[in-house]
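Printed here is upload-v4.csv (CSV, C-alpha atoms):
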```
chain,number,residue,atom,x,y,z
A,187,MET,CA,27.3,137.2,-45.0
A,188,ASP,CA,23.8,138.4,-45.7
A,189,SER,CA,24.7,141.9,-44.5
A,190,THR,CA,26.4,142.6,-47.8
A,191,LYS,CA,23.2,142.0,-49.8
A,192,PRO,CA,21.5,145.2,-50.9
A,193,PRO,CA,18.0,145.7,-49.3
A,194,ALA,CA,16.4,145.1,-52.7
A,195,GLU,CA,17.4,141.5,-52.5
A,196,VAL,CA,15.8,141.1,-49.2
A,197,SER,CA,12.4,142.6,-50.2
A,198,LYS,CA,12.3,140.2,-53.1
A,199,ASN,CA,10.6,137.8,-50.8
A,200,LYS,CA,6.9,137.9,-51.6
A,201,PRO,CA,4.9,139.4,-48.7
A,202,PRO,CA,2.9,136.6,-47.1
A,203,GLY,CA,-0.8,136.7,-46.5
A,204,PRO,CA,-2.4,136.7,-43.1
A,205,GLY,CA,-2.5,132.9,-43.0
A,206,ARG,CA,1.3,132.4,-43.5
A,207,LEU,CA,1.9,135.2,-41.1
A,208,PHE,CA,-0.2,133.6,-38.4
A,209,PHE,CA,1.7,130.3,-38.7
A,210,ALA,CA,5.1,132.0,-38.7
A,211,PHE,CA,4.2,133.8,-35.4
A,212,PHE,CA,2.5,130.6,-34.1
A,213,ARG,CA,5.8,128.8,-34.5
A,214,ILE,CA,7.6,131.5,-32.5
A,215,GLY,CA,4.8,131.5,-29.9
A,216,LEU,CA,5.3,127.7,-29.6
A,217,THR,CA,9.0,127.4,-29.4
A,218,SER,CA,10.2,130.6,-27.6
A,219,PHE,CA,10.8,129.0,-24.2
A,220,GLY,CA,12.6,131.1,-21.7
A,221,GLY,CA,11.7,134.6,-22.8
A,222,GLY,CA,13.8,136.9,-25.0
A,223,LEU,CA,10.9,136.9,-27.5
A,224,VAL,CA,12.2,139.9,-29.3
A,225,ALA,CA,15.3,138.0,-30.4
A,226,TYR,CA,13.2,135.1,-31.7
A,227,LEU,CA,11.0,137.6,-33.6
A,228,ARG,CA,14.0,139.3,-35.2
A,229,ASP,CA,15.5,135.9,-36.3
A,230,GLU,CA,12.3,134.9,-37.9
A,231,LEU,CA,11.2,138.1,-39.6
A,232,VAL,CA,14.5,139.5,-40.6
A,233,THR,CA,17.0,136.7,-41.0
A,234,ASN,CA,14.9,133.6,-41.9
A,235,ARG,CA,12.0,135.0,-43.8
A,236,GLY,CA,13.3,138.4,-45.0
A,237,TRP,CA,9.9,140.0,-44.5
A,238,MET,CA,11.4,143.0,-42.9
A,239,THR,CA,14.7,144.8,-43.2
A,240,PRO,CA,16.9,145.1,-40.1
A,241,ASP,CA,16.1,148.9,-40.0
A,242,GLU,CA,12.3,148.3,-40.3
A,243,PHE,CA,12.5,145.8,-37.4
A,244,LEU,CA,14.5,148.2,-35.2
A,245,ALA,CA,12.0,151.0,-35.9
A,246,ALA,CA,9.2,148.6,-34.9
A,247,LEU,CA,11.0,147.6,-31.7
A,248,GLU,CA,11.6,151.2,-30.8
A,249,ILE,CA,7.9,152.0,-31.1
A,250,GLY,CA,6.9,148.8,-29.4
A,251,GLN,CA,9.1,149.5,-26.4
A,252,THR,CA,7.9,153.1,-25.9
A,253,LEU,CA,4.2,152.5,-26.1
A,254,PRO,CA,2.2,150.6,-23.4
A,255,GLY,CA,1.8,146.9,-23.7
A,256,LEU,CA,4.2,144.0,-24.0
A,257,ASN,CA,7.2,144.7,-26.3
A,258,SER,CA,6.8,141.4,-28.2
A,259,VAL,CA,3.1,141.8,-28.8
A,260,ASN,CA,3.5,145.4,-29.9
A,261,VAL,CA,6.3,144.4,-32.4
A,262,ALA,CA,3.9,141.7,-33.7
A,263,ILE,CA,1.2,144.2,-34.2
A,264,ILE,CA,3.5,146.7,-36.0
A,265,ALA,CA,5.2,144.0,-38.1
A,266,GLY,CA,1.9,142.4,-38.9
A,267,ARG,CA,0.4,145.7,-40.0
A,268,LYS,CA,3.4,146.5,-42.2
A,269,ILE,CA,3.4,143.1,-43.9
A,270,ALA,CA,-0.3,142.4,-44.3
A,271,GLY,CA,-2.4,145.2,-43.1
A,272,PRO,CA,-4.9,145.2,-40.2
A,273,VAL,CA,-5.7,141.5,-40.7
A,274,GLY,CA,-2.0,140.8,-40.6
A,275,ALA,CA,-1.7,142.6,-37.3
A,276,VAL,CA,-4.4,140.6,-35.7
A,277,SER,CA,-3.1,137.2,-37.1
A,278,ALA,CA,0.5,138.0,-36.0
A,279,ALA,CA,-0.5,138.9,-32.4
A,280,MET,CA,-2.9,135.9,-32.1
A,281,GLY,CA,-0.3,133.5,-33.5
A,282,LEU,CA,2.2,134.7,-31.0
A,283,ILE,CA,-0.1,134.5,-28.0
A,284,ILE,CA,-2.3,131.4,-28.6
A,285,PRO,CA,0.3,128.6,-28.2
A,286,GLY,CA,1.6,129.9,-24.8
A,287,VAL,CA,-1.9,130.3,-23.5
A,288,ILE,CA,-2.8,126.7,-24.4
A,289,LEU,CA,0.3,125.4,-22.7
A,290,LEU,CA,-0.3,127.6,-19.7
A,291,PHE,CA,-3.8,126.1,-19.3
A,292,VAL,CA,-2.2,122.6,-19.3
A,293,LEU,CA,0.3,123.8,-16.7
A,294,GLY,CA,-2.4,125.5,-14.7
A,295,ALA,CA,-4.6,122.4,-14.7
A,296,LEU,CA,-1.7,120.3,-13.5
A,297,TYR,CA,-1.0,122.9,-10.8
A,298,MET,CA,-4.6,122.9,-9.6
A,299,ARG,CA,-4.7,119.1,-9.6
A,300,PHE,CA,-1.5,118.5,-7.8
A,301,LYS,CA,-0.8,121.6,-5.6
A,302,SER,CA,-1.7,119.8,-2.4
A,303,ASN,CA,0.9,117.1,-3.1
A,304,PRO,CA,3.9,118.0,-0.9
A,305,ASP,CA,6.5,117.0,-3.5
A,306,ILE,CA,4.8,119.2,-6.2
A,307,ALA,CA,4.3,122.1,-3.8
A,308,ALA,CA,8.0,122.0,-2.9
A,309,GLY,CA,8.9,121.9,-6.6
A,310,LEU,CA,6.6,124.8,-7.4
A,311,ALA,CA,8.2,126.8,-4.5
A,312,GLY,CA,11.6,126.2,-6.1
A,313,ILE,CA,10.2,127.3,-9.5
A,314,ALA,CA,8.8,130.5,-8.1
A,315,ALA,CA,12.0,131.2,-6.3
A,316,ALA,CA,14.0,130.9,-9.5
A,317,ALA,CA,11.5,133.1,-11.4
A,318,VAL,CA,12.1,135.9,-8.9
A,319,GLY,CA,15.8,135.6,-9.6
A,320,LEU,CA,15.1,135.8,-13.3
A,321,LEU,CA,13.0,138.9,-13.0
A,322,LEU,CA,15.6,140.5,-10.7
A,323,GLN,CA,18.4,139.7,-13.2
A,324,VAL,CA,16.5,141.2,-16.1
A,325,THR,CA,15.7,144.3,-14.1
A,326,LEU,CA,19.4,144.8,-13.1
A,327,LYS,CA,20.6,144.1,-16.6
A,328,ILE,CA,18.3,146.6,-18.4
A,329,GLY,CA,18.4,149.0,-15.5
A,330,ALA,CA,22.2,149.1,-15.0
A,331,LYS,CA,22.5,152.6,-16.5
A,332,GLN,CA,19.7,154.0,-14.4
A,333,LEU,CA,20.8,152.4,-11.2
A,334,LEU,CA,24.3,154.0,-11.5
A,335,ASN,CA,23.0,157.5,-12.3
A,336,PRO,CA,22.1,159.5,-9.2
A,337,LEU,CA,19.2,161.4,-10.6
A,338,ASP,CA,17.8,158.3,-12.3
A,339,LEU,CA,18.4,156.3,-9.1
A,340,PHE,CA,16.3,158.8,-7.2
A,341,PHE,CA,13.3,158.1,-9.5
A,342,VAL,CA,13.9,154.3,-9.4
A,343,ILE,CA,13.7,154.4,-5.6
A,344,LEU,CA,10.8,156.9,-5.5
A,345,THR,CA,8.8,154.7,-7.9
A,346,PHE,CA,9.7,151.5,-6.0
A,347,VAL,CA,8.7,152.9,-2.7
A,348,LEU,CA,5.4,154.5,-3.9
A,349,VAL,CA,4.2,151.5,-5.8
A,350,GLY,CA,5.9,148.6,-4.1
A,351,ILE,CA,5.7,149.6,-0.4
A,352,PHE,CA,2.8,152.1,-0.2
A,353,HIS,CA,0.7,150.7,-3.0
A,354,VAL,CA,0.1,154.1,-4.6
A,355,SER,CA,-1.9,153.5,-7.8
A,356,LEU,CA,0.3,153.1,-10.8
A,357,LEU,CA,-2.0,155.6,-12.6
A,358,ALA,CA,-1.1,158.2,-10.1
A,359,VAL,CA,2.6,157.5,-10.3
A,360,LEU,CA,2.5,157.7,-14.1
A,361,PHE,CA,0.7,161.0,-14.0
A,362,LEU,CA,2.7,162.6,-11.1
A,363,VAL,CA,6.2,161.1,-11.1
A,364,ALA,CA,6.7,160.4,-14.7
A,365,PRO,CA,6.1,164.0,-16.0
A,366,VAL,CA,8.7,165.3,-13.5
A,367,ALA,CA,11.2,162.7,-14.6
A,368,VAL,CA,10.6,163.6,-18.2
A,369,LEU,CA,10.7,167.3,-17.6
A,370,LEU,CA,14.1,167.0,-16.0
A,371,ARG,CA,15.3,165.3,-19.2
A,372,ARG,CA,13.7,167.9,-21.4
A,373,PRO,CA,15.5,168.7,-24.6
A,374,PRO,CA,17.7,171.8,-24.6
A,375,LYS,CA,16.2,175.0,-26.0
A,376,PRO,CA,16.9,175.1,-29.7
A,377,ALA,CA,19.5,177.6,-30.8
A,378,GLN,CA,18.1,181.1,-31.8
A,379,THR,CA,18.8,180.6,-35.5
A,380,SER,CA,15.3,180.2,-36.9
B,1163,MET,CA,-21.2,138.9,-13.6
B,1164,HIS,CA,-19.9,141.4,-11.2
B,1165,ASP,CA,-16.5,139.7,-11.2
B,1166,LEU,CA,-16.4,139.6,-15.0
B,1167,VAL,CA,-16.9,143.4,-15.2
B,1168,LYS,CA,-14.3,143.9,-12.5
B,1169,LEU,CA,-11.8,141.7,-14.3
B,1170,LEU,CA,-12.5,143.7,-17.5
B,1171,ASN,CA,-11.9,147.0,-15.8
B,1172,VAL,CA,-8.8,146.0,-13.9
B,1173,PHE,CA,-7.0,144.4,-16.9
B,1174,CYS,CA,-7.9,147.0,-19.4
B,1175,LEU,CA,-6.3,149.6,-17.1
B,1176,LEU,CA,-3.3,147.4,-16.6
B,1177,SER,CA,-2.9,147.0,-20.3
B,1178,LEU,CA,-2.7,150.7,-20.9
B,1179,LEU,CA,-0.4,151.3,-17.9
B,1180,ALA,CA,2.1,148.7,-19.0
B,1181,VAL,CA,4.8,151.2,-20.1
B,1182,GLY,CA,8.1,149.5,-20.7
B,1183,GLY,CA,6.7,146.0,-20.9
B,1184,GLY,CA,4.5,143.7,-18.8
B,1185,SER,CA,6.7,143.4,-15.7
B,1186,ALA,CA,6.0,147.1,-14.9
B,1187,VAL,CA,2.4,146.3,-14.0
B,1188,LEU,CA,3.3,143.3,-11.9
B,1189,PRO,CA,3.1,145.1,-8.5
B,1190,GLN,CA,-0.2,146.8,-9.4
B,1191,MET,CA,-1.6,143.5,-10.8
B,1192,GLN,CA,-0.7,141.7,-7.6
B,1193,HIS,CA,-2.3,144.4,-5.5
B,1194,GLU,CA,-5.5,144.3,-7.5
B,1195,THR,CA,-5.9,140.6,-7.9
B,1196,VAL,CA,-4.6,139.4,-4.5
B,1197,THR,CA,-5.3,142.2,-1.9
B,1198,GLU,CA,-8.2,144.2,-3.5
B,1199,ASN,CA,-10.3,141.5,-5.2
B,1200,GLN,CA,-8.9,138.2,-3.7
B,1201,TRP,CA,-9.2,136.4,-7.0
B,1202,VAL,CA,-6.0,134.5,-6.1
B,1203,THR,CA,-3.9,133.9,-3.0
B,1204,PRO,CA,-0.4,135.4,-2.7
B,1205,ASN,CA,1.0,131.9,-3.2
B,1206,GLU,CA,-1.1,131.3,-6.3
B,1207,PHE,CA,-0.1,134.6,-7.8
B,1208,ALA,CA,3.6,133.8,-7.3
B,1209,THR,CA,3.1,130.3,-8.8
B,1210,ILE,CA,1.0,131.5,-11.7
B,1211,TYR,CA,3.7,134.2,-12.5
B,1212,SER,CA,6.4,131.6,-12.5
B,1213,LEU,CA,4.4,129.2,-14.7
B,1214,GLY,CA,4.2,132.2,-17.2
B,1215,GLN,CA,8.0,132.4,-17.1
B,1216,MET,CA,8.2,128.7,-18.1
B,1217,ALA,CA,5.7,128.7,-21.0
B,1218,PRO,CA,6.7,129.9,-24.4
B,1219,GLY,CA,5.3,133.2,-25.9
B,1220,PRO,CA,4.6,136.4,-24.0
B,1221,ASN,CA,5.2,135.6,-20.3
B,1222,MET,CA,2.3,137.8,-19.2
B,1223,SER,CA,-0.2,135.5,-20.9
B,1224,MET,CA,-0.3,134.0,-17.4
B,1225,VAL,CA,-3.0,136.6,-16.7
B,1226,ALA,CA,-5.4,134.0,-18.3
B,1227,LEU,CA,-4.9,131.7,-15.3
B,1228,ILE,CA,-5.8,134.5,-12.9
B,1229,GLY,CA,-9.0,135.1,-14.9
B,1230,PHE,CA,-9.7,131.4,-14.9
B,1231,LYS,CA,-9.3,131.2,-11.1
B,1232,ALA,CA,-11.5,134.3,-10.7
B,1233,ALA,CA,-14.4,133.4,-13.1
B,1234,GLY,CA,-13.7,130.2,-15.1
B,1235,GLY,CA,-13.2,130.0,-18.8
B,1236,LEU,CA,-15.1,133.2,-19.6
B,1237,GLY,CA,-13.0,135.0,-17.0
B,1238,ALA,CA,-9.8,133.7,-18.7
B,1239,LEU,CA,-11.0,134.9,-22.1
B,1240,ILE,CA,-12.1,138.3,-20.8
B,1241,VAL,CA,-8.8,138.9,-19.0
B,1242,LEU,CA,-6.8,137.9,-22.1
B,1243,LEU,CA,-8.8,140.3,-24.4
B,1244,ALA,CA,-8.8,143.0,-21.8
B,1245,PHE,CA,-5.0,142.8,-21.2
B,1246,TYR,CA,-4.0,142.5,-24.9
B,1247,ILE,CA,-6.5,144.5,-26.9
B,1248,PRO,CA,-6.3,148.1,-25.5
B,1249,SER,CA,-2.5,148.3,-25.7
B,1250,SER,CA,-2.4,146.6,-29.1
B,1251,LEU,CA,-5.1,149.0,-30.5
B,1252,PHE,CA,-3.1,151.9,-29.1
B,1253,THR,CA,0.1,150.6,-30.7
B,1254,TYR,CA,-1.7,150.0,-34.0
B,1255,VAL,CA,-3.0,153.5,-34.2
B,1256,ALA,CA,0.1,155.2,-32.8
B,1257,SER,CA,2.5,153.3,-35.1
B,1258,HIS,CA,0.6,155.0,-38.0
B,1259,ILE,CA,1.3,158.4,-36.8
B,1260,TRP,CA,4.7,157.6,-35.3
B,1261,ASP,CA,6.7,159.0,-38.1
B,1262,SER,CA,5.5,162.6,-37.5
B,1263,PHE,CA,7.1,162.3,-34.0
B,1264,LYS,CA,10.2,160.6,-35.1
B,1265,ASP,CA,12.5,163.6,-34.9
B,1266,ASN,CA,10.8,165.4,-32.1
B,1267,PRO,CA,13.4,166.1,-29.4
B,1268,TRP,CA,10.8,165.4,-26.7
B,1269,ARG,CA,10.7,161.7,-27.7
B,1270,ASP,CA,14.2,161.2,-26.3
B,1271,ALA,CA,13.2,163.1,-23.1
B,1272,VAL,CA,10.2,160.8,-22.7
B,1273,GLN,CA,12.3,157.7,-23.2
B,1274,ARG,CA,15.1,158.8,-20.8
B,1275,GLY,CA,12.6,160.1,-18.2
B,1276,MET,CA,10.5,157.0,-18.3
B,1277,ALA,CA,13.4,154.5,-18.1
B,1278,PRO,CA,14.0,154.9,-14.3
B,1279,VAL,CA,10.3,154.8,-13.6
B,1280,THR,CA,10.1,151.5,-15.5
B,1281,ILE,CA,13.0,150.1,-13.6
B,1282,GLY,CA,11.4,151.2,-10.3
B,1283,LEU,CA,8.2,149.4,-11.3
B,1284,MET,CA,10.1,146.3,-12.2
B,1285,LEU,CA,11.9,146.3,-8.9
B,1286,ALA,CA,8.5,146.7,-7.2
B,1287,GLY,CA,7.5,143.6,-9.2
B,1288,VAL,CA,10.4,141.7,-7.9
B,1289,TYR,CA,9.4,142.7,-4.4
B,1290,ALA,CA,5.7,141.9,-4.9
B,1291,VAL,CA,6.5,138.3,-6.0
B,1292,GLY,CA,9.6,138.0,-3.8
B,1293,LYS,CA,7.8,138.6,-0.6
B,1294,THR,CA,5.7,135.5,-1.2
B,1295,ALA,CA,8.2,133.3,-3.1
B,1296,SER,CA,11.6,134.2,-1.6
B,1297,ILE,CA,11.2,135.8,1.8
B,1298,ASN,CA,7.9,134.8,3.3
B,1299,PRO,CA,7.3,135.3,7.0
B,1300,GLU,CA,4.9,132.3,7.0
B,1301,HIS,CA,7.7,130.0,6.0
B,1302,SER,CA,10.6,128.7,8.2
B,1303,LEU,CA,14.0,130.4,8.2
B,1304,HIS,CA,15.4,127.3,6.5
B,1305,HIS,CA,12.8,127.5,3.7
B,1306,ASN,CA,13.4,131.2,3.2
B,1307,ALA,CA,17.2,130.7,3.1
B,1308,ILE,CA,16.9,128.1,0.3
B,1309,THR,CA,14.5,130.2,-1.8
B,1310,VAL,CA,16.7,133.3,-1.5
B,1311,VAL,CA,19.8,131.2,-2.5
B,1312,ILE,CA,18.0,129.7,-5.5
B,1313,GLY,CA,17.0,133.2,-6.7
B,1314,LEU,CA,20.5,134.6,-6.2
B,1315,VAL,CA,22.1,131.7,-7.9
B,1316,VAL,CA,19.8,132.3,-10.9
B,1317,VAL,CA,20.9,135.9,-11.0
B,1318,GLY,CA,24.6,134.9,-10.8
B,1319,ILE,CA,24.3,132.3,-13.5
B,1320,LEU,CA,22.5,134.6,-15.9
B,1321,PHE,CA,25.1,137.4,-15.5
B,1322,TRP,CA,27.9,134.8,-15.9
B,1323,LYS,CA,26.7,133.2,-19.1
B,1324,ARG,CA,23.9,133.0,-21.7
B,1325,ILE,CA,21.7,130.2,-20.8
B,1326,ASN,CA,18.0,129.6,-21.6
B,1327,PRO,CA,16.2,130.9,-18.5
B,1328,ALA,CA,13.5,128.2,-18.8
B,1329,LEU,CA,16.1,125.6,-18.0
B,1330,LEU,CA,17.1,127.5,-14.8
B,1331,ILE,CA,13.5,127.7,-13.7
B,1332,LEU,CA,13.1,124.0,-14.2
B,1333,ALA,CA,16.3,123.5,-12.2
B,1334,GLY,CA,14.8,125.6,-9.5
B,1335,GLY,CA,11.8,123.2,-9.5
B,1336,VAL,CA,14.1,120.2,-9.1
B,1337,LEU,CA,16.0,121.8,-6.3
B,1338,GLY,CA,12.8,122.8,-4.6
B,1339,TRP,CA,11.5,119.2,-5.0
B,1340,PHE,CA,14.5,117.8,-3.1
B,1341,LEU,CA,15.2,120.7,-0.6
B,1342,LEU,CA,12.0,122.4,0.2
B,1343,LYS,CA,9.7,119.5,1.1
B,1344,GLY,CA,8.5,119.8,4.7
B,1345,VAL,CA,11.0,122.5,5.7
```

Kindly return the structure encoded in the file as C-alpha cells.
Amino acid sequence: MDSTKPPAEVSKNKPPGPGRLFFAFFRIGLTSFGGGLVAYLRDELVTNRGWMTPDEFLAALEIGQTLPGLNSVNVAIIAGRKIAGPVGAVSAAMGLIIPGVILLFVLGALYMRFKSNPDIAAGLAGIAAAAVGLLLQVTLKIGAKQLLNPLDLFFVILTFVLVGIFHVSLLAVLFLVAPVAVLLRRPPKPAQTS
Amino acid sequence: MHDLVKLLNVFCLLSLLAVGGGSAVLPQMQHETVTENQWVTPNEFATIYSLGQMAPGPNMSMVALIGFKAAGGLGALIVLLAFYIPSSLFTYVASHIWDSFKDNPWRDAVQRGMAPVTIGLMLAGVYAVGKTASINPEHSLHHNAITVVIGLVVVGILFWKRINPALLILAGGVLGWFLLKGV
C-alpha cells in the first residue's frame, strides 16, 4: 500500500551517514545467498529504509547495468554517492563486498584442505555442475529476446565463437564487434524540422 | 613481485571490460588465469567459480581466491582492489555526468547493440566453465552424463519456479557426493 504515499513522505527519512550506510549494505552482503543482489538492494534501499525513491533506484540500476563492472557494485556506488557523497559510495561498496569475501576465504580454506578427499571432491564436482546450470539459465533468461532475433543472434554467435572458441581478446571484440552491433541499431535520422 | 604486477594488470583490464556484468568477463578471465598464467588449474577455476555462486554478495568476489592461489594474501587483496576499483571509479564519475546523456538517442542504440554481445560473452562463460565442470574429456562418460544432467535439471527447475539458486547448488553438491565418487 506504500505506493499511494507521495514521494515527500518517503524522503522524510533522515539520510544516513556513511556508518549506517555501511552496515545496511553489510547486512545485504551477508544475507544475499543465491544471487539476485539487485532485488535485495531494492528491498533494502527503497522499501525498508526509504533512502531512495523507486525512480531513483531504477535510474541507478540503468546506469549500473550500462557501465562496466558488476551491476550490484555499481548500484551500491551510485546509491552511496546519492545518499552520503564520496565516503558513502566507498562505504556502500565495501559493506556489500566484505562479508562475501570473508565467507569465500572460509570456503576456499576448506576447499584447499579437503579437496583430495574423494567424497569432498565428488561433492565439489556436483556443485560446479550445478553452477554451470545456474549460469546457463541466467544467460537464457536475460538473453531470450536476443536469442530469438536473427540479427542479434548473429552477434551472440559471433561473440561466442570469437571469445569462447578462438580466445580472441575481449578488448578486441569490444572494439571491433560491439561498434558494428551498435551502428546497426543506430537511432533514425531526426526529422528535418529543426 | 612479477606475479603481483601481472595480477594487477589482468584484473584491472577485466574490471573495465566487464560490460553487462561480471559473467561477461568469465571466458577471458579463465583464459588469462588458467591458460596464460597458470595461476589456477581448470578444475580449481571451475570450483572457485562455483564457490562464488554459493557465497552471499557479489558472486565475482571469487576472484580473491584466484589471487590468493596465485600470490597469497597480498595477491587476494590486489586482485580485489584491481577488479573492483577501476569500474567503480568509472561508474562514480560517469554517474555524475549521466544526466547530460539521458535523452541522447545513441544511448538506446548502445544498449540494444551491446545486449547480444553481452549474451555471447555469457554463453562463452558457460562454455569456459562447462568444459571443465560438465563435459570434461578427462572424466568418464558416466561422470560427464551425471554432471550434464545436474546442470540441465538446475536449468529446468529455475525456469519452472522461483527458488533460491544457492539451495540448488547445495543440492548439486549432495548429488555429486553420492553419485560422482569414483566414477

Between B:Gln1215, B:Asn1326, B:Asn1205, B:Ser1249, which residue has the minimum interatomic distance to B:Leu1176, considering all atoms listed in the file?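 Selected residue with least distance to B:Leu1176: B:Ser1249.
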
Would you mind reading off the distance between atom CA of B:Leu1251 and atom CA of A:Gly222, one decimal, in Å?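 So the two atoms, atom CA of B:Leu1251 and atom CA of A:Gly222, lie 23.1 Å apart.
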
Calculated over all atoms listed in the file, which of the candidates B:Leu1242, B:Leu1236, B:Val1172, B:Val1336 has the smallest distance to chain A?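 The answer is B:Val1336, which sits nearest to chain A.
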
Taking 2 positions as the minimum chain separation for residues in the same chain, which residues sit within 7 Å of A:Phe346 when counting only C-alpha atoms? Answer as JSON, numbers by chain. {"A": [342, 343, 344, 348, 349, 350], "B": [1282, 1283, 1285, 1286]}

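Residue nearest B:Leu1239 within the list B:Phe1207, B:Gly1334, B:Met1224, B:Ala1271: B:Met1224 [criterion: smallest interatomic distance, all atoms listed in the file].
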
Taking (18.7, 132.9, -13.8) in the file's coordinates, which residues come within 9 Å, counting all atoms listed in the file, written as a list of chain:residue names? A:Ala316, A:Ala317, A:Val318, A:Gly319, A:Leu320, A:Leu321, A:Leu322, A:Gln323, A:Val324, B:Ile1312, B:Gly1313, B:Leu1314, B:Val1315, B:Val1316, B:Val1317, B:Gly1318, B:Ile1319, B:Leu1320, B:Phe1321, B:Ile1325, B:Asn1326, B:Pro1327, B:Ala1328, B:Leu1329, B:Leu1330, B:Ile1331

Can you pull out the residues contacting stretch 331-335 of chain A? Cut-off 7 Å, using all atoms listed in the file, and skip same-chain residues under 3 positions away; I want them as a PyMOL selection string. (chain A and resi 338-339) or (chain B and resi 1278)

When distances are computed from all atoms listed in the file, which of B:Ser1212, B:Ile1259, B:Pro1248, B:Lys1264 shows the smallest separation from chain A?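 Using all atoms listed in the file, chain A sits closest to B:Ser1212.
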
List as a list in words the protein and nucleic acid residues near stretch 1229-1235 of chain B, meaning an atom at most 7 Å away when all atoms listed in the file are counted, but skip any in the same chain fewer than 3 places from it. Asp1165, Leu1166, Trp1201, Val1202, Val1225, Ala1226, Ala1238, Leu1239 and Val1241 of chain B

Could you tell me how far atom CA of A:Arg235 lies from atom CA of A:Pro254, in Å and to one decimal? 27.5 Å

For each of B:Pro1267, B:Val1255, B:Pro1220, B:Trp1260, take the minimum atom-to-atom distance to A:Leu227, counting all atoms listed in the file, then give the residue where this is smallest. B:Pro1220

Shell around B:Arg1269 at 12 Å using only C-alpha atoms, local window under 5 positions removed, as a list in words: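 The residues satisfying every condition are Glu248, Ile249, Thr252, Leu253, Val368, Leu369, Arg371, Arg372 and Pro373 of chain A; Trp1260, Asp1261, Ser1262, Phe1263, Lys1264, Arg1274, Gly1275 and Met1276 of chain B.
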